[in-house]
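start-v4.csv follows (CSV, C-alpha atoms):
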```csv
chain,number,residue,atom,x,y,z
G,167,MET,CA,-44.9,27.6,117.7
G,168,PRO,CA,-42.8,27.6,114.5
G,169,ALA,CA,-40.5,30.7,114.1
G,170,ALA,CA,-42.2,31.6,110.8
G,171,GLU,CA,-45.6,31.8,112.4
G,172,TYR,CA,-44.3,33.5,115.6
G,173,GLY,CA,-42.8,36.3,113.4
G,174,ARG,CA,-46.2,37.1,111.9
G,175,ILE,CA,-47.8,37.7,115.2
G,176,ARG,CA,-48.7,41.3,115.9
G,177,LEU,CA,-50.9,43.1,118.3
G,178,PRO,CA,-54.2,43.7,116.6
G,179,ARG,CA,-55.4,47.2,115.8
G,180,THR,CA,-58.6,46.3,114.0
G,181,ILE,CA,-61.2,43.6,114.2
G,182,SER,CA,-59.9,42.1,111.0
G,183,ASP,CA,-56.4,41.9,112.5
G,184,LEU,CA,-57.9,40.2,115.6
G,185,ARG,CA,-59.7,37.5,113.5
G,186,MET,CA,-56.4,36.6,111.8
G,187,LEU,CA,-54.6,36.6,115.2
G,188,LYS,CA,-57.3,34.3,116.6
G,189,ASP,CA,-56.8,31.9,113.7
G,190,GLN,CA,-53.1,31.9,114.2
G,191,LEU,CA,-53.2,31.2,118.0
G,192,ALA,CA,-56.2,28.8,118.3
G,193,THR,CA,-54.2,25.6,117.7
G,194,TYR,CA,-51.4,26.7,120.0
G,195,ALA,CA,-53.8,27.7,122.7
G,196,ASN,CA,-55.4,24.2,122.6
G,197,ASP,CA,-52.1,22.3,122.4
G,198,TYR,CA,-50.2,24.3,125.1
G,199,PRO,CA,-52.8,25.9,127.3
G,200,ALA,CA,-50.6,26.6,130.3
G,201,GLN,CA,-47.9,28.3,128.3
G,202,PHE,CA,-50.4,30.2,126.2
G,203,ILE,CA,-52.3,31.5,129.3
G,204,MET,CA,-49.0,32.7,130.9
G,205,GLY,CA,-48.1,34.5,127.7
G,206,TYR,CA,-51.5,36.0,127.3
G,207,CYS,CA,-51.6,37.2,131.0
G,208,SER,CA,-48.1,38.6,130.8
G,209,THR,CA,-48.9,40.6,127.6
G,210,TYR,CA,-52.2,41.9,128.9
G,211,ILE,CA,-50.8,43.0,132.3
G,212,PHE,CA,-47.8,44.6,130.5
G,213,MET,CA,-50.0,46.6,128.2
G,214,GLN,CA,-52.3,47.7,131.0
G,215,THR,CA,-49.3,48.7,133.2
G,216,PHE,CA,-47.6,50.8,130.6
G,217,MET,CA,-50.8,52.2,129.0
G,218,ILE,CA,-50.3,50.5,125.6
G,219,PRO,CA,-53.5,50.7,123.6
G,220,GLY,CA,-55.2,47.5,122.6
G,221,THR,CA,-56.4,45.7,125.7
G,222,ILE,CA,-59.9,45.7,124.4
G,223,PHE,CA,-58.7,43.4,121.6
G,224,MET,CA,-57.1,41.2,124.2
G,225,SER,CA,-60.4,41.0,125.9
G,226,LEU,CA,-62.2,40.0,122.7
G,227,LEU,CA,-59.5,37.4,122.1
G,228,ALA,CA,-60.1,35.9,125.5
G,229,GLY,CA,-63.8,35.3,124.6
G,230,ALA,CA,-62.9,33.9,121.2
G,231,LEU,CA,-60.3,31.4,122.6
G,232,PHE,CA,-61.5,30.6,126.1
G,233,GLY,CA,-65.2,31.1,126.1
G,234,VAL,CA,-67.2,33.3,128.4
G,235,VAL,CA,-66.4,31.9,131.9
G,236,ARG,CA,-62.7,31.4,131.6
G,237,GLY,CA,-62.3,34.4,129.4
G,238,LEU,CA,-64.1,36.7,131.8
G,239,PHE,CA,-62.0,35.4,134.7
G,240,LEU,CA,-58.8,36.0,132.8
G,241,VAL,CA,-59.8,39.5,131.6
G,242,VAL,CA,-60.9,40.7,135.1
G,243,PHE,CA,-57.8,39.2,136.7
G,244,ASN,CA,-55.4,40.8,134.1
G,245,ALA,CA,-57.2,44.1,134.0
G,246,THR,CA,-57.1,44.4,137.8
G,247,ALA,CA,-53.5,43.4,138.0
G,248,GLY,CA,-52.5,45.7,135.2
G,249,ALA,CA,-54.5,48.6,136.6
G,250,SER,CA,-52.9,48.0,140.1
G,251,SER,CA,-49.4,48.1,138.6
G,252,CYS,CA,-50.3,51.3,136.7
G,253,TYR,CA,-51.6,52.8,140.0
G,254,PHE,CA,-48.2,52.2,141.7
G,255,LEU,CA,-46.2,53.3,138.7
G,256,SER,CA,-48.2,56.6,138.6
G,257,LYS,CA,-47.7,57.0,142.4
G,258,LEU,CA,-44.0,56.8,141.9
G,259,ILE,CA,-43.5,58.9,138.7
G,260,GLY,CA,-46.9,59.8,137.2
G,261,ARG,CA,-47.8,63.2,138.8
G,262,PRO,CA,-46.0,65.4,136.2
G,263,LEU,CA,-47.4,63.4,133.3
G,264,VAL,CA,-51.0,63.6,134.6
G,265,ASN,CA,-50.7,67.3,135.5
G,266,TRP,CA,-49.4,67.9,132.0
G,267,LEU,CA,-52.0,65.8,130.1
G,268,TRP,CA,-55.2,66.6,132.1
G,269,PRO,CA,-54.7,69.6,134.4
G,270,GLU,CA,-58.4,70.6,134.4
G,271,LYS,CA,-59.8,67.1,134.5
G,272,LEU,CA,-57.5,66.2,137.4
G,273,ARG,CA,-58.6,69.3,139.3
G,274,LEU,CA,-62.3,68.4,138.8
G,275,PHE,CA,-61.6,64.7,139.7
G,276,GLN,CA,-59.9,65.9,142.9
G,277,ALA,CA,-62.9,68.0,143.8
G,278,GLU,CA,-65.3,65.1,143.2
G,279,ILE,CA,-63.2,62.7,145.3
G,280,SER,CA,-63.0,65.2,148.2
G,281,LYS,CA,-66.8,65.5,148.2
G,282,ARG,CA,-67.3,61.8,148.3
G,283,ARG,CA,-64.8,60.5,150.9
G,284,GLU,CA,-67.4,58.9,153.0
G,285,LYS,CA,-68.8,56.8,150.2
G,286,LEU,CA,-65.7,56.6,148.0
G,287,LEU,CA,-66.1,53.0,147.1
G,288,ASN,CA,-69.5,53.5,145.7
G,289,TYR,CA,-68.3,56.5,143.6
G,290,MET,CA,-65.3,54.5,142.3
G,291,LEU,CA,-67.6,51.6,141.4
G,292,PHE,CA,-69.7,54.0,139.4
G,293,LEU,CA,-66.7,55.3,137.5
G,294,ARG,CA,-65.4,51.8,136.7
G,295,ILE,CA,-68.8,50.4,135.6
G,296,THR,CA,-69.7,53.4,133.4
G,297,PRO,CA,-67.7,55.0,130.6
G,298,THR,CA,-67.9,58.4,132.5
G,299,LEU,CA,-64.1,58.6,132.7
G,300,PRO,CA,-61.5,56.7,130.7
G,301,ASN,CA,-60.0,53.8,132.7
G,302,LEU,CA,-56.5,55.1,131.7
G,303,PHE,CA,-57.2,58.4,133.5
G,304,ILE,CA,-58.6,56.6,136.6
G,305,ASN,CA,-55.6,54.4,136.8
G,306,LEU,CA,-53.1,57.2,136.6
G,307,ALA,CA,-55.0,59.9,138.6
G,308,SER,CA,-56.2,57.8,141.5
G,309,PRO,CA,-53.0,57.7,143.5
G,310,ILE,CA,-52.4,61.4,142.8
G,311,VAL,CA,-55.8,62.4,144.4
G,312,ASP,CA,-55.1,60.0,147.3
G,313,ILE,CA,-57.6,57.3,146.6
G,314,PRO,CA,-56.5,54.4,148.9
G,315,PHE,CA,-55.3,51.4,147.1
G,316,HIS,CA,-57.7,49.0,148.7
G,317,ILE,CA,-60.7,51.0,147.4
G,318,PHE,CA,-59.1,51.4,144.0
G,319,PHE,CA,-58.5,47.6,143.9
G,320,LEU,CA,-61.9,46.5,145.0
G,321,ALA,CA,-63.7,49.0,142.7
G,322,THR,CA,-61.6,47.8,139.8
G,323,LEU,CA,-62.1,44.1,140.5
G,324,VAL,CA,-65.9,44.4,140.8
G,325,GLY,CA,-66.6,47.4,138.6
G,326,LEU,CA,-64.9,46.0,135.5
G,327,ILE,CA,-67.0,42.8,135.5
G,328,PRO,CA,-70.0,44.2,133.5
G,329,ALA,CA,-68.1,45.8,130.6
G,330,SER,CA,-65.6,42.8,130.6
G,331,TYR,CA,-68.5,40.4,130.3
G,332,ILE,CA,-69.9,42.3,127.3
G,333,THR,CA,-66.6,42.4,125.6
G,334,VAL,CA,-65.7,38.8,126.3
G,335,ARG,CA,-69.1,37.6,125.1
G,336,ALA,CA,-68.7,39.6,121.9
G,337,GLY,CA,-65.5,37.7,121.3
G,338,LEU,CA,-67.5,34.5,120.7
G,339,ALA,CA,-68.9,36.1,117.5
G,340,LEU,CA,-66.0,38.0,116.0
G,341,GLY,CA,-67.4,37.4,112.5
G,342,ASP,CA,-70.4,39.6,113.4
G,343,LEU,CA,-68.3,42.6,114.6
G,344,LYS,CA,-67.3,45.3,112.1
G,345,SER,CA,-65.5,47.6,114.6
G,346,VAL,CA,-65.0,48.1,118.4
G,347,LYS,CA,-67.7,50.7,118.3
G,348,ASP,CA,-70.3,48.0,117.8
G,349,LEU,CA,-69.7,46.7,121.3
G,350,TYR,CA,-71.2,49.8,123.0
G,351,ASP,CA,-74.5,50.7,121.4
G,352,PHE,CA,-77.2,52.7,123.1
G,353,LYS,CA,-78.7,49.6,124.8
G,354,THR,CA,-75.4,48.5,126.2
G,355,LEU,CA,-74.5,51.9,127.5
G,356,SER,CA,-77.9,52.2,129.1
G,357,VAL,CA,-77.4,48.9,131.0
G,358,LEU,CA,-73.9,50.0,132.2
G,359,PHE,CA,-75.2,53.4,133.4
G,360,LEU,CA,-78.2,51.6,135.2
G,361,ILE,CA,-75.8,49.3,137.0
G,362,GLY,CA,-73.6,52.3,137.8
G,363,PHE,CA,-76.6,54.2,139.2
G,364,ILE,CA,-77.4,51.2,141.5
G,365,SER,CA,-73.8,51.3,142.8
G,366,ILE,CA,-74.2,55.0,143.9
G,367,LEU,CA,-77.8,54.6,145.1
G,368,PRO,CA,-76.7,54.3,148.8
G,369,THR,CA,-74.9,57.6,148.6
G,370,LEU,CA,-77.9,59.4,147.0
G,371,LEU,CA,-80.2,58.0,149.7
G,372,LYS,CA,-77.9,59.0,152.5
G,373,ARG,CA,-77.6,62.5,151.1
G,374,LYS,CA,-81.4,62.7,150.8
G,375,ARG,CA,-81.9,61.7,154.5
G,376,THR,CA,-79.3,64.2,155.5
G,377,TYR,CA,-81.2,67.1,153.8
G,378,GLU,CA,-84.4,65.9,155.3
```

Kindly transcribe the structure held in the file into structure tokens.
Amino acid sequence: MPAAEYGRIRLPRTISDLRMLKDQLATYANDYPAQFIMGYCSTYIFMQTFMIPGTIFMSLLAGALFGVVRGLFLVVFNATAGASSCYFLSKLIGRPLVNWLWPEKLRLFQAEISKRREKLLNYMLFLRITPTLPNLFINLASPIVDIPFHIFFLATLVGLIPASYITVRAGLALGDLKSVKDLYDFKTLSVLFLIGFISILPTLLKRKRTYE
């Protein structure tokens, strides 16, 4: 990529920025696919690891440049890798930050996790699928409340697929989007909560049988 064009590349903050970035990168992505994918993945994982806002624009960009199938694979892979890196970073140094930012939310999260130890994967899937808690909070708080990494990883890998599909697919029609808020209308949120409810259904049924 020419130095002049490279110097104009910035992380998008609006849909308008994203459209311009997509136009700048489309030719390079086609001419140098391997190098571009490596750069894309590195940027996405770095942003996710260090909690830099804007990964939703990276997900939209994946749909615009790679299509639904490849875009979804890349987004889920990068989001899971970045979330895992954030998990371990928080495990090392994140406790003071999380306690300072969300003391009450962390206490409530700890209480909910303690009540659901037997079906923790189902609960974590529900949290990942639905927008009940921000993914940033889940990434940072999970090691602090002693959620095992294998459960965190699996819930992230599977649970991010529905929302990632919606975002990647929306990237195919950037011209129709006015803002990120357009991605999650009432219908979309209803579908996500329905899928999330299905993920915790075994827990609810078991609890009902216990009371009976």

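When all atoms listed in the file are used to compute distances to Arg282 in chain G, the closest of the residues G:Val334, G:Ile211, G:Gln201, G:Ile313 turns out to be G:Ile313.
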
Range 283-311 of chain G near range 255-263 of chain G within 9 Å: what's each residue's closest atom pair and its distance in Å to one decimal, counting all atoms listed in the file, ordered by chain then ascending residue number, as a Markdown table?
```
| residue | atom | partner | partner_atom | distance |
| --- | --- | --- | --- | --- |
| G:Asn305 | CA | G:Ser256 | CA | 7.9 |
| G:Leu306 | CA | G:Ser256 | CA | 5.3 |
| G:Ala307 | CA | G:Ser256 | CA | 7.6 |
| G:Ser308 | CA | G:Lys257 | CA | 8.6 |
| G:Pro309 | CA | G:Lys257 | CA | 5.5 |
| G:Ile310 | CA | G:Arg261 | CA | 6.4 |
```

Please determine, counting all atoms listed in the file, which residue among G:Gly237, G:Leu349, G:Val264, G:Phe223 has the shortest atom-to-atom distance to Ser182 in chain G. G:Phe223

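One distance worth recording is that between CA of Asp189 in chain G and CA of Val235 in chain G, which is 20.6 Å.
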
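Across G:Arg236, G:Arg273, G:His316, G:Lys281, the tightest approach to Tyr253 in chain G is made by G:His316 when counting all atoms listed in the file.
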
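Note that the spacing between CA of Ile327 in chain G and CA of Tyr350 in chain G amounts to 14.9 Å.
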
What's around Lys285 in chain G at 9 Å? Count all atoms listed in the file, leave out sequence neighbours fewer than 2 positions away in its own chain, and write the answer as a compact mmCIF listing (two decimals) with C-alpha atoms, in the frame of the given file.
```
# COMPACT_ATOMS: atom_id res chain seq x y z
CA ARG G 282 -67.30 61.80 148.30
CA ARG G 283 -64.80 60.50 150.90
CA LEU G 287 -66.10 53.00 147.10
CA ASN G 288 -69.50 53.50 145.70
CA TYR G 289 -68.30 56.50 143.60
CA MET G 290 -65.30 54.50 142.30
CA ILE G 366 -74.20 55.00 143.90
CA PRO G 368 -76.70 54.30 148.80
CA THR G 369 -74.90 57.60 148.60
```

Please output range 170-198 of chain G, rebuilt to include N, CA and C atoms, as a CSV table (one decimal), keeping the file's coordinate frame.
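As a result, selection07.csv now contains:
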```
chain,number,residue,atom,x,y,z
G,170,ALA,N,-41.5,30.9,111.9
G,170,ALA,CA,-42.2,31.6,110.8
G,170,ALA,C,-43.5,32.2,111.2
G,171,GLU,N,-44.3,31.3,112.0
G,171,GLU,CA,-45.6,31.8,112.4
G,171,GLU,C,-45.4,32.8,113.5
G,172,TYR,N,-44.5,32.6,114.4
G,172,TYR,CA,-44.3,33.5,115.6
G,172,TYR,C,-43.9,34.9,115.0
G,173,GLY,N,-43.2,35.0,114.0
G,173,GLY,CA,-42.8,36.3,113.4
G,173,GLY,C,-43.9,37.0,112.8
G,174,ARG,N,-45.0,36.4,112.5
G,174,ARG,CA,-46.2,37.1,111.9
G,174,ARG,C,-47.1,37.6,112.9
G,175,ILE,N,-46.9,37.2,114.2
G,175,ILE,CA,-47.8,37.7,115.2
G,175,ILE,C,-47.6,39.1,115.6
G,176,ARG,N,-48.7,39.9,115.5
G,176,ARG,CA,-48.7,41.3,115.9
G,176,ARG,C,-49.9,41.7,116.7
G,177,LEU,N,-49.7,42.7,117.6
G,177,LEU,CA,-50.9,43.1,118.3
G,177,LEU,C,-51.9,43.7,117.4
G,178,PRO,N,-53.2,43.3,117.5
G,178,PRO,CA,-54.2,43.7,116.6
G,178,PRO,C,-54.6,45.2,116.8
G,179,ARG,N,-54.9,45.8,115.7
G,179,ARG,CA,-55.4,47.2,115.8
G,179,ARG,C,-56.8,47.3,115.2
G,180,THR,N,-57.3,46.3,114.5
G,180,THR,CA,-58.6,46.3,114.0
G,180,THR,C,-59.2,44.9,114.2
G,181,ILE,N,-60.6,44.8,114.0
G,181,ILE,CA,-61.2,43.6,114.2
G,181,ILE,C,-60.7,42.6,113.2
G,182,SER,N,-60.4,43.0,112.0
G,182,SER,CA,-59.9,42.1,111.0
G,182,SER,C,-58.5,41.5,111.4
G,183,ASP,N,-57.7,42.4,112.0
G,183,ASP,CA,-56.4,41.9,112.5
G,183,ASP,C,-56.6,40.8,113.6
G,184,LEU,N,-57.6,41.1,114.4
G,184,LEU,CA,-57.9,40.2,115.6
G,184,LEU,C,-58.4,38.8,115.1
G,185,ARG,N,-59.2,38.8,114.0
G,185,ARG,CA,-59.7,37.5,113.5
G,185,ARG,C,-58.5,36.7,113.0
G,186,MET,N,-57.5,37.4,112.3
G,186,MET,CA,-56.4,36.6,111.8
G,186,MET,C,-55.5,36.1,113.0
G,187,LEU,N,-55.4,37.0,114.0
G,187,LEU,CA,-54.6,36.6,115.2
G,187,LEU,C,-55.2,35.4,115.9
G,188,LYS,N,-56.5,35.4,116.0
G,188,LYS,CA,-57.3,34.3,116.6
G,188,LYS,C,-57.0,33.0,115.9
G,189,ASP,N,-57.1,33.1,114.5
G,189,ASP,CA,-56.8,31.9,113.7
G,189,ASP,C,-55.4,31.3,113.9
G,190,GLN,N,-54.5,32.3,114.0
G,190,GLN,CA,-53.1,31.9,114.2
G,190,GLN,C,-52.8,31.2,115.6
G,191,LEU,N,-53.5,31.7,116.6
G,191,LEU,CA,-53.2,31.2,118.0
G,191,LEU,C,-54.1,30.1,118.5
G,192,ALA,N,-55.2,29.8,117.8
G,192,ALA,CA,-56.2,28.8,118.3
G,192,ALA,C,-55.6,27.5,118.5
G,193,THR,N,-54.8,26.9,117.6
G,193,THR,CA,-54.2,25.6,117.7
G,193,THR,C,-53.2,25.6,118.9
G,194,TYR,N,-52.4,26.6,118.9
G,194,TYR,CA,-51.4,26.7,120.0
G,194,TYR,C,-52.0,26.8,121.4
G,195,ALA,N,-53.1,27.5,121.5
G,195,ALA,CA,-53.8,27.7,122.7
G,195,ALA,C,-54.4,26.3,123.2
G,196,ASN,N,-54.8,25.5,122.2
G,196,ASN,CA,-55.4,24.2,122.6
G,196,ASN,C,-54.3,23.2,122.9
G,197,ASP,N,-53.1,23.3,122.2
G,197,ASP,CA,-52.1,22.3,122.4
G,197,ASP,C,-51.2,22.6,123.6
G,198,TYR,N,-51.0,23.9,124.0
G,198,TYR,CA,-50.2,24.3,125.1
G,198,TYR,C,-50.9,25.3,125.9
```
